[in-house]
>>> print(open('target_24.pdb').read())   # PDB, C-alpha atoms, pLDDT in the B column
ATOM      1  CA  ALA I 184      16.457 -29.960 -44.535  1.00 74.00           C
ATOM      2  CA  GLN I 185      16.952 -30.944 -40.973  1.00 80.00           C
ATOM      3  CA  SER I 186      19.032 -28.875 -38.585  1.00 88.00           C
ATOM      4  CA  VAL I 187      20.007 -28.775 -34.946  1.00 93.00           C
ATOM      5  CA  ALA I 188      20.759 -25.641 -32.970  1.00 94.00           C
ATOM      6  CA  GLN I 189      22.663 -25.316 -29.734  1.00 95.00           C
ATOM      7  CA  PRO I 190      22.300 -21.651 -28.856  1.00 95.00           C
ATOM      8  CA  GLU I 191      24.958 -21.558 -26.146  1.00 95.00           C
ATOM      9  CA  ASP I 192      28.641 -21.882 -26.933  1.00 94.00           C
ATOM     10  CA  GLN I 193      29.411 -22.388 -23.278  1.00 96.00           C
ATOM     11  CA  VAL I 194      27.515 -23.086 -20.092  1.00 98.00           C
ATOM     12  CA  ASN I 195      29.046 -22.415 -16.697  1.00 98.00           C
ATOM     13  CA  VAL I 196      27.684 -24.001 -13.565  1.00 98.00           C
ATOM     14  CA  ALA I 197      28.947 -24.609 -10.067  1.00 98.00           C
ATOM     15  CA  GLU I 198      29.432 -28.139  -8.849  1.00 98.00           C
ATOM     16  CA  GLY I 199      26.321 -29.459  -7.161  1.00 97.00           C
ATOM     17  CA  ASN I 200      23.987 -27.155  -9.044  1.00 98.00           C
ATOM     18  CA  PRO I 201      21.594 -28.348 -11.733  1.00 98.00           C
ATOM     19  CA  LEU I 202      22.678 -27.937 -15.313  1.00 97.00           C
ATOM     20  CA  THR I 203      20.836 -27.502 -18.584  1.00 98.00           C
ATOM     21  CA  VAL I 204      22.317 -27.594 -22.061  1.00 98.00           C
ATOM     22  CA  LYS I 205      19.870 -26.418 -24.675  1.00 98.00           C
ATOM     23  CA  CYS I 206      19.059 -27.966 -28.041  1.00 97.00           C
ATOM     24  CA  THR I 207      16.371 -27.231 -30.593  1.00 96.00           C
ATOM     25  CA  TYR I 208      15.769 -29.114 -33.790  1.00 93.00           C
ATOM     26  CA  SER I 209      14.119 -28.701 -37.129  1.00 90.00           C
ATOM     27  CA  VAL I 210      13.241 -32.053 -38.649  1.00 80.00           C
ATOM     28  CA  SER I 211      10.287 -33.060 -40.721  1.00 76.00           C
ATOM     29  CA  GLY I 212       8.206 -35.770 -39.145  1.00 78.00           C
ATOM     30  CA  ASN I 213       9.154 -37.369 -35.867  1.00 80.00           C
ATOM     31  CA  PRO I 214      12.888 -37.129 -35.268  1.00 85.00           C
ATOM     32  CA  TYR I 215      15.361 -39.358 -33.557  1.00 91.00           C
ATOM     33  CA  LEU I 216      17.340 -37.176 -31.139  1.00 94.00           C
ATOM     34  CA  PHE I 217      20.665 -37.852 -29.473  1.00 94.00           C
ATOM     35  CA  TRP I 218      23.105 -36.352 -27.024  1.00 96.00           C
ATOM     36  CA  TYR I 219      26.803 -37.105 -27.145  1.00 95.00           C
ATOM     37  CA  VAL I 220      29.697 -35.976 -24.955  1.00 95.00           C
ATOM     38  CA  GLN I 221      33.253 -35.415 -26.096  1.00 91.00           C
ATOM     39  CA  TYR I 222      36.267 -35.143 -23.829  1.00 89.00           C
ATOM     40  CA  PRO I 223      39.473 -33.496 -25.120  1.00 83.00           C
ATOM     41  CA  ASN I 224      41.089 -35.400 -27.988  1.00 76.00           C
ATOM     42  CA  ARG I 225      38.529 -38.154 -27.740  1.00 80.00           C
ATOM     43  CA  GLY I 226      35.688 -39.399 -29.892  1.00 82.00           C
ATOM     44  CA  LEU I 227      32.027 -39.010 -29.081  1.00 88.00           C
ATOM     45  CA  GLN I 228      30.430 -40.944 -26.292  1.00 91.00           C
ATOM     46  CA  PHE I 229      26.720 -41.676 -26.439  1.00 90.00           C
ATOM     47  CA  LEU I 230      24.679 -40.261 -23.545  1.00 94.00           C
ATOM     48  CA  LEU I 231      21.066 -40.823 -24.452  1.00 94.00           C
ATOM     49  CA  LYS I 232      18.535 -40.853 -27.237  1.00 93.00           C
ATOM     50  CA  TYR I 233      14.874 -40.220 -27.898  1.00 93.00           C
ATOM     51  CA  ILE I 234      13.119 -42.420 -30.392  1.00 89.00           C
ATOM     52  CA  THR I 235       9.560 -42.606 -29.165  1.00 85.00           C
ATOM     53  CA  GLY I 236       7.636 -43.037 -25.946  1.00 86.00           C
ATOM     54  CA  ASP I 237       8.213 -41.076 -22.738  1.00 89.00           C
ATOM     55  CA  ASN I 238       9.281 -37.521 -23.287  1.00 92.00           C
ATOM     56  CA  LEU I 239      11.772 -37.726 -20.423  1.00 95.00           C
ATOM     57  CA  VAL I 240      14.724 -39.849 -21.379  1.00 95.00           C
ATOM     58  CA  LYS I 241      17.294 -41.016 -18.864  1.00 95.00           C
ATOM     59  CA  GLY I 242      20.815 -41.732 -19.953  1.00 94.00           C
ATOM     60  CA  SER I 243      24.355 -42.337 -18.807  1.00 91.00           C
ATOM     61  CA  TYR I 244      26.129 -40.621 -15.901  1.00 92.00           C
ATOM     62  CA  GLY I 245      22.902 -39.246 -14.415  1.00 95.00           C
ATOM     63  CA  PHE I 246      21.971 -37.180 -17.469  1.00 97.00           C
ATOM     64  CA  GLU I 247      18.458 -36.881 -18.763  1.00 97.00           C
ATOM     65  CA  ALA I 248      16.751 -35.001 -21.560  1.00 97.00           C
ATOM     66  CA  GLU I 249      13.227 -33.882 -22.166  1.00 95.00           C
ATOM     67  CA  PHE I 250      11.671 -34.057 -25.595  1.00 94.00           C
ATOM     68  CA  ASN I 251       9.246 -31.189 -26.137  1.00 94.00           C
ATOM     69  CA  LYS I 252       7.505 -31.467 -29.468  1.00 91.00           C
ATOM     70  CA  SER I 253       5.655 -28.158 -29.264  1.00 92.00           C
ATOM     71  CA  GLN I 254       8.881 -26.277 -28.618  1.00 94.00           C
ATOM     72  CA  THR I 255      10.950 -28.575 -30.834  1.00 93.00           C
ATOM     73  CA  SER I 256      13.471 -28.852 -28.047  1.00 96.00           C
ATOM     74  CA  PHE I 257      15.538 -31.610 -26.498  1.00 97.00           C
ATOM     75  CA  HIS I 258      17.402 -30.000 -23.602  1.00 98.00           C
ATOM     76  CA  LEU I 259      19.984 -32.002 -21.685  1.00 98.00           C
ATOM     77  CA  LYS I 260      19.749 -31.833 -17.904  1.00 98.00           C
ATOM     78  CA  LYS I 261      21.405 -33.111 -14.775  1.00 98.00           C
ATOM     79  CA  PRO I 262      20.186 -32.409 -11.247  1.00 97.00           C
ATOM     80  CA  SER I 263      23.636 -32.023  -9.701  1.00 97.00           C
ATOM     81  CA  ALA I 264      26.686 -31.204 -11.805  1.00 97.00           C
ATOM     82  CA  LEU I 265      30.124 -32.696 -11.223  1.00 97.00           C
ATOM     83  CA  VAL I 266      33.463 -31.152 -12.148  1.00 97.00           C
ATOM     84  CA  SER I 267      34.084 -34.257 -14.228  1.00 95.00           C
ATOM     85  CA  ASP I 268      31.056 -33.380 -16.362  1.00 96.00           C
ATOM     86  CA  SER I 269      33.088 -30.573 -17.913  1.00 96.00           C
ATOM     87  CA  ALA I 270      33.278 -31.443 -21.596  1.00 96.00           C
ATOM     88  CA  LEU I 271      31.864 -30.642 -25.016  1.00 94.00           C
ATOM     89  CA  TYR I 272      28.275 -31.728 -25.578  1.00 96.00           C
ATOM     90  CA  PHE I 273      26.672 -32.319 -28.942  1.00 95.00           C
ATOM     91  CA  CYS I 274      23.012 -32.644 -29.763  1.00 96.00           C
ATOM     92  CA  ALA I 275      22.170 -34.537 -32.944  1.00 94.00           C
ATOM     93  CA  SER I 276      19.120 -35.541 -34.902  1.00 92.00           C
ATOM     94  CA  ARG I 277      18.255 -38.022 -37.557  1.00 86.00           C
ATOM     95  CA  GLY I 278      15.183 -38.558 -39.654  1.00 78.00           C
ATOM     96  CA  ASN I 279      13.124 -41.609 -38.791  1.00 72.00           C
ATOM     97  CA  THR I 280      12.677 -43.098 -42.258  1.00 70.00           C
ATOM     98  CA  GLY I 281      15.337 -45.555 -43.186  1.00 67.00           C
ATOM     99  CA  PHE I 282      18.797 -44.898 -41.827  1.00 68.00           C
ATOM    100  CA  GLN I 283      19.532 -41.254 -42.338  1.00 76.00           C
ATOM    101  CA  LYS I 284      22.663 -39.291 -41.574  1.00 82.00           C
ATOM    102  CA  LEU I 285      23.158 -37.731 -38.177  1.00 88.00           C
ATOM    103  CA  VAL I 286      23.028 -33.946 -38.148  1.00 89.00           C
ATOM    104  CA  PHE I 287      24.994 -32.377 -35.324  1.00 91.00           C
ATOM    105  CA  GLY I 288      24.600 -29.126 -33.517  1.00 92.00           C
ATOM    106  CA  THR I 289      27.602 -26.867 -33.095  1.00 91.00           C
ATOM    107  CA  GLY I 290      28.314 -28.109 -29.606  1.00 93.00           C
ATOM    108  CA  THR I 291      28.173 -26.548 -26.150  1.00 96.00           C
ATOM    109  CA  ARG I 292      31.111 -26.485 -23.818  1.00 95.00           C
ATOM    110  CA  LEU I 293      30.096 -27.217 -20.257  1.00 97.00           C
ATOM    111  CA  LEU I 294      32.349 -25.903 -17.538  1.00 97.00           C
ATOM    112  CA  VAL I 295      31.629 -27.037 -14.009  1.00 97.00           C
ATOM    113  CA  SER I 296      33.528 -25.133 -11.372  1.00 97.00           C
ATOM    114  CA  PRO I 297      34.419 -26.614  -7.974  1.00 95.00           C
TER     115      PRO I 297
ATOM    116  CA  GLY Z 257      28.246 -51.931 -26.144  1.00 65.00           C
ATOM    117  CA  ALA Z 258      29.668 -51.877 -29.629  1.00 77.00           C
ATOM    118  CA  VAL Z 259      33.285 -50.759 -29.843  1.00 87.00           C
ATOM    119  CA  VAL Z 260      34.926 -48.866 -32.660  1.00 92.00           C
ATOM    120  CA  SER Z 261      38.667 -48.383 -32.734  1.00 93.00           C
ATOM    121  CA  GLN Z 262      40.866 -46.074 -34.748  1.00 95.00           C
ATOM    122  CA  HIS Z 263      44.526 -46.311 -35.532  1.00 96.00           C
ATOM    123  CA  PRO Z 264      46.654 -44.357 -35.123  1.00 96.00           C
ATOM    124  CA  SER Z 265      45.322 -42.101 -32.395  1.00 94.00           C
ATOM    125  CA  TRP Z 266      47.636 -39.359 -33.562  1.00 95.00           C
ATOM    126  CA  VAL Z 267      50.024 -38.869 -36.451  1.00 97.00           C
ATOM    127  CA  ILE Z 268      52.452 -36.190 -37.519  1.00 97.00           C
ATOM    128  CA  CYS Z 269      53.608 -36.155 -41.108  1.00 96.00           C
ATOM    129  CA  LYS Z 270      55.450 -33.962 -43.560  1.00 96.00           C
ATOM    130  CA  SER Z 271      53.637 -31.983 -46.200  1.00 97.00           C
ATOM    131  CA  GLY Z 272      53.219 -33.966 -49.395  1.00 96.00           C
ATOM    132  CA  THR Z 273      53.097 -37.383 -47.803  1.00 97.00           C
ATOM    133  CA  SER Z 274      50.058 -39.633 -47.539  1.00 97.00           C
ATOM    134  CA  VAL Z 275      48.552 -40.845 -44.304  1.00 97.00           C
ATOM    135  CA  LYS Z 276      46.248 -43.806 -43.743  1.00 97.00           C
ATOM    136  CA  ILE Z 277      43.809 -43.967 -40.847  1.00 97.00           C
ATOM    137  CA  GLU Z 278      42.103 -47.233 -39.965  1.00 97.00           C
ATOM    138  CA  CYS Z 279      38.677 -47.635 -38.439  1.00 96.00           C
ATOM    139  CA  ARG Z 280      37.617 -51.005 -37.092  1.00 94.00           C
ATOM    140  CA  SER Z 281      34.434 -52.300 -35.561  1.00 92.00           C
ATOM    141  CA  LEU Z 282      35.724 -54.693 -32.931  1.00 91.00           C
ATOM    142  CA  ASP Z 283      32.718 -56.726 -31.911  1.00 88.00           C
ATOM    143  CA  PHE Z 284      30.224 -56.248 -34.692  1.00 88.00           C
ATOM    144  CA  GLN Z 285      29.996 -56.104 -38.441  1.00 89.00           C
ATOM    145  CA  ALA Z 286      29.363 -52.696 -39.896  1.00 87.00           C
ATOM    146  CA  THR Z 287      27.878 -52.477 -43.341  1.00 82.00           C
ATOM    147  CA  THR Z 288      28.152 -48.704 -43.203  1.00 91.00           C
ATOM    148  CA  MET Z 289      30.887 -46.517 -41.795  1.00 93.00           C
ATOM    149  CA  PHE Z 290      31.112 -42.759 -41.671  1.00 95.00           C
ATOM    150  CA  TRP Z 291      34.086 -40.423 -41.646  1.00 96.00           C
ATOM    151  CA  TYR Z 292      33.899 -37.059 -39.927  1.00 95.00           C
ATOM    152  CA  ARG Z 293      36.283 -34.174 -39.635  1.00 95.00           C
ATOM    153  CA  GLN Z 294      36.355 -31.835 -36.683  1.00 90.00           C
ATOM    154  CA  PHE Z 295      38.145 -28.514 -36.564  1.00 83.00           C
ATOM    155  CA  PRO Z 296      39.125 -27.035 -33.206  1.00 79.00           C
ATOM    156  CA  LYS Z 297      36.139 -25.935 -31.184  1.00 74.00           C
ATOM    157  CA  GLN Z 298      33.779 -26.831 -34.015  1.00 79.00           C
ATOM    158  CA  SER Z 299      31.212 -29.485 -34.712  1.00 84.00           C
ATOM    159  CA  LEU Z 300      31.670 -32.666 -36.646  1.00 88.00           C
ATOM    160  CA  MET Z 301      31.503 -32.391 -40.402  1.00 90.00           C
ATOM    161  CA  LEU Z 302      30.495 -35.518 -42.269  1.00 93.00           C
ATOM    162  CA  MET Z 303      33.011 -36.185 -45.007  1.00 95.00           C
ATOM    163  CA  ALA Z 304      31.762 -39.412 -46.508  1.00 94.00           C
ATOM    164  CA  THR Z 305      29.707 -42.520 -46.022  1.00 93.00           C
ATOM    165  CA  SER Z 306      31.220 -45.846 -46.980  1.00 91.00           C
ATOM    166  CA  ASN Z 307      29.421 -49.092 -47.571  1.00 87.00           C
ATOM    167  CA  GLU Z 308      31.258 -52.382 -47.565  1.00 84.00           C
ATOM    168  CA  GLY Z 309      32.234 -53.441 -51.043  1.00 82.00           C
ATOM    169  CA  SER Z 310      31.162 -50.283 -52.811  1.00 84.00           C
ATOM    170  CA  LYS Z 311      32.442 -46.798 -53.465  1.00 88.00           C
ATOM    171  CA  ALA Z 312      32.098 -44.206 -50.775  1.00 91.00           C
ATOM    172  CA  THR Z 313      29.586 -41.402 -51.042  1.00 93.00           C
ATOM    173  CA  TYR Z 314      31.232 -38.062 -50.427  1.00 95.00           C
ATOM    174  CA  GLU Z 315      29.584 -34.970 -49.063  1.00 93.00           C
ATOM    175  CA  GLN Z 316      29.524 -31.843 -51.140  1.00 93.00           C
ATOM    176  CA  GLY Z 317      32.820 -30.027 -51.081  1.00 93.00           C
ATOM    177  CA  VAL Z 318      34.907 -33.013 -50.015  1.00 95.00           C
ATOM    178  CA  GLU Z 319      37.554 -33.988 -52.536  1.00 94.00           C
ATOM    179  CA  LYS Z 320      37.298 -37.689 -53.212  1.00 93.00           C
ATOM    180  CA  ASP Z 321      40.772 -37.821 -54.745  1.00 94.00           C
ATOM    181  CA  LYS Z 322      42.184 -36.157 -51.689  1.00 96.00           C
ATOM    182  CA  PHE Z 323      40.441 -38.296 -49.119  1.00 97.00           C
ATOM    183  CA  LEU Z 324      40.435 -41.889 -50.327  1.00 95.00           C
ATOM    184  CA  ILE Z 325      38.075 -44.196 -48.489  1.00 94.00           C
ATOM    185  CA  ASN Z 326      38.177 -47.968 -48.710  1.00 91.00           C
ATOM    186  CA  HIS Z 327      35.689 -50.228 -46.966  1.00 89.00           C
ATOM    187  CA  ALA Z 328      37.074 -53.594 -47.878  1.00 82.00           C
ATOM    188  CA  SER Z 329      35.492 -55.662 -45.148  1.00 88.00           C
ATOM    189  CA  LEU Z 330      32.608 -55.528 -42.713  1.00 89.00           C
ATOM    190  CA  THR Z 331      34.944 -54.559 -39.895  1.00 92.00           C
ATOM    191  CA  LEU Z 332      37.458 -52.242 -41.521  1.00 93.00           C
ATOM    192  CA  SER Z 333      37.321 -48.911 -43.302  1.00 94.00           C
ATOM    193  CA  THR Z 334      40.344 -46.801 -44.126  1.00 95.00           C
ATOM    194  CA  LEU Z 335      40.745 -43.119 -44.851  1.00 97.00           C
ATOM    195  CA  THR Z 336      43.861 -42.086 -46.736  1.00 97.00           C
ATOM    196  CA  VAL Z 337      44.743 -38.427 -46.854  1.00 97.00           C
ATOM    197  CA  THR Z 338      46.794 -38.114 -50.006  1.00 96.00           C
ATOM    198  CA  SER Z 339      49.479 -35.495 -50.478  1.00 96.00           C
ATOM    199  CA  ALA Z 340      48.674 -34.006 -47.122  1.00 96.00           C
ATOM    200  CA  HIS Z 341      49.080 -30.295 -46.508  1.00 96.00           C
ATOM    201  CA  PRO Z 342      48.953 -28.263 -43.296  1.00 95.00           C
ATOM    202  CA  GLU Z 343      45.324 -27.328 -43.949  1.00 94.00           C
ATOM    203  CA  ASP Z 344      44.457 -31.024 -43.705  1.00 96.00           C
ATOM    204  CA  SER Z 345      45.500 -30.980 -40.077  1.00 95.00           C
ATOM    205  CA  SER Z 346      42.412 -31.874 -38.116  1.00 94.00           C
ATOM    206  CA  PHE Z 347      40.737 -34.421 -35.870  1.00 93.00           C
ATOM    207  CA  TYR Z 348      39.241 -37.267 -37.887  1.00 95.00           C
ATOM    208  CA  ILE Z 349      36.537 -39.419 -36.345  1.00 94.00           C
ATOM    209  CA  CYS Z 350      34.997 -42.535 -37.801  1.00 95.00           C
ATOM    210  CA  SER Z 351      31.673 -44.039 -36.923  1.00 94.00           C
ATOM    211  CA  ALA Z 352      30.143 -47.413 -37.652  1.00 93.00           C
ATOM    212  CA  ARG Z 353      26.534 -48.322 -38.088  1.00 89.00           C
ATOM    213  CA  PHE Z 354      25.157 -51.254 -36.127  1.00 85.00           C
ATOM    214  CA  GLY Z 355      21.476 -51.794 -36.631  1.00 81.00           C
ATOM    215  CA  ASN Z 356      19.837 -48.465 -36.104  1.00 76.00           C
ATOM    216  CA  GLU Z 357      22.699 -47.036 -34.057  1.00 81.00           C
ATOM    217  CA  GLN Z 358      25.976 -45.273 -34.768  1.00 87.00           C
ATOM    218  CA  PHE Z 359      29.047 -45.876 -32.653  1.00 90.00           C
ATOM    219  CA  PHE Z 360      32.024 -43.553 -32.766  1.00 92.00           C
ATOM    220  CA  GLY Z 361      35.722 -44.207 -32.721  1.00 93.00           C
ATOM    221  CA  PRO Z 362      38.086 -42.303 -30.426  1.00 91.00           C
ATOM    222  CA  GLY Z 363      39.393 -40.118 -33.247  1.00 92.00           C
ATOM    223  CA  THR Z 364      42.749 -39.542 -34.922  1.00 95.00           C
ATOM    224  CA  ARG Z 365      44.579 -36.258 -34.679  1.00 94.00           C
ATOM    225  CA  LEU Z 366      46.491 -35.499 -37.843  1.00 96.00           C
ATOM    226  CA  THR Z 367      49.140 -32.810 -37.857  1.00 96.00           C
ATOM    227  CA  VAL Z 368      50.792 -31.965 -41.148  1.00 96.00           C
ATOM    228  CA  LEU Z 369      54.015 -29.993 -40.898  1.00 96.00           C
TER     229      LEU Z 369
END
>>> encode(input="target_24.pdb", output="structure tokens")
Amino acid sequence: AQSVAQPEDQVNVAEGNPLTVKCTYSVSGNPYLFWYVQYPNRGLQFLLKYITGDNLVKGSYGFEAEFNKSQTSFHLKKPSALVSDSALYFCASRGNTGFQKLVFGTGTRLLVSP
Amino acid sequence: GAVVSQHPSWVICKSGTSVKIECRSLDFQATTMFWYRQFPKQSLMLMATSNEGSKATYEQGVEKDKFLINHASLTLSTLTVTSAHPEDSSFYICSARFGNEQFFGPGTRLTVL
């Protein structure tokens, strides 16, 4: 069975500093990987995805993620954090055969301080 | 991008009443829609998958008689929480499939008094 782990419940970073939100996955075969952001009382907004190709994926709002097959990781990164980036971030995976269900990690709360 | 709407965005109801939540794909046809439930500070839990014109497929542990799902058209799926109780209070999020992507609605906060 596939699973996604986000080992940090919360990440604190100062505005202007780089941020990393960690994600590891366990999926048979080559996975589809996603990052979503959720603001309070809102649905999920898509940030980026990895399907195939370049291991470094660039997404919305200056975020990027690096797919590392050997470490089965897909960490979310941003070179310079903004206070407005403070939100709940979810990593998700899906098998690549047919259209399979998304499996979400437990979420990481990002807090960017001024 | 594809837009998914939910209505209402929030609802408060008395215990024992039923509540209907609508999920619409505004600019695309969705053969498959998903309903998720999210408890405070927790991840999304898939409740069921609905395909247009057929019965929904419920995840293990989700009561199908409690959470009625109807996917009557390619742009509308509804979730009805029947005989709601305070423990049903939660944030419900729908998602619609378009091609190989999933797009999420803004969520509905249900509070049962």
>>> interface_residues(input="target_24.pdb", of="chain I", to="chain Z", cutoff="7 Å", atoms="all atoms listed in the file", output="number ranges by chain")
I: 225-227, 282, 287-290
>>> resolve_selection(input="target_24.pdb", expression="the PyMOL selection byres ((chain Z and resi 258) around 8)", output="compact mmCIF listing (two decimals) with C-alpha atoms, in the coordinates of the input")
# COMPACT_ATOMS: atom_id res chain seq x y z
CA GLY Z 257 28.25 -51.93 -26.14
CA VAL Z 259 33.28 -50.76 -29.84
CA VAL Z 260 34.93 -48.87 -32.66
CA SER Z 281 34.43 -52.30 -35.56
CA LEU Z 282 35.72 -54.69 -32.93
CA ASP Z 283 32.72 -56.73 -31.91
CA PHE Z 284 30.22 -56.25 -34.69
CA PHE Z 354 25.16 -51.25 -36.13
CA PHE Z 359 29.05 -45.88 -32.65
>>> resolve_selection(input="target_24.pdb", expression="the PyMOL selection byres ((chain Z and resi 332-341) around 8)", output="PyMOL selection string")
chain Z and resi 270-281+289+291+306+321-331+342-345+368-369
>>> resolve_selection(input="target_24.pdb", expression="the PyMOL selection byres ((chain I and resi 259) around 6)", output="compact mmCIF listing (two decimals) with C-alpha atoms, keeping the file's coordinate frame")
# COMPACT_ATOMS: atom_id res chain seq x y z
CA THR I 203 20.84 -27.50 -18.58
CA VAL I 204 22.32 -27.59 -22.06
CA GLU I 247 18.46 -36.88 -18.76
CA ALA I 248 16.75 -35.00 -21.56
CA HIS I 258 17.40 -30.00 -23.60
CA LYS I 260 19.75 -31.83 -17.90
>>> atom_distance(input="target_24.pdb", atom1="CA of Pro296 (chain Z)", atom2="CA of Leu271 (chain I)")
11.5 Å
>>> atom_distance(input="target_24.pdb", atom1="CA of Pro264 (chain Z)", atom2="CA of Ala352 (chain Z)")
17.0 Å
>>> atom_distance(input="target_24.pdb", atom1="CA of Glu191 (chain I)", atom2="CA of Arg292 (chain I)")
8.2 Å
>>> residues_around(input="target_24.pdb", residues="region 250-255 of chain I", least_positions_apart="3", cutoff="6 Å", atoms="only C-alpha atoms", output="list in words")
Thr207, Tyr208 and Asn238 of chain I
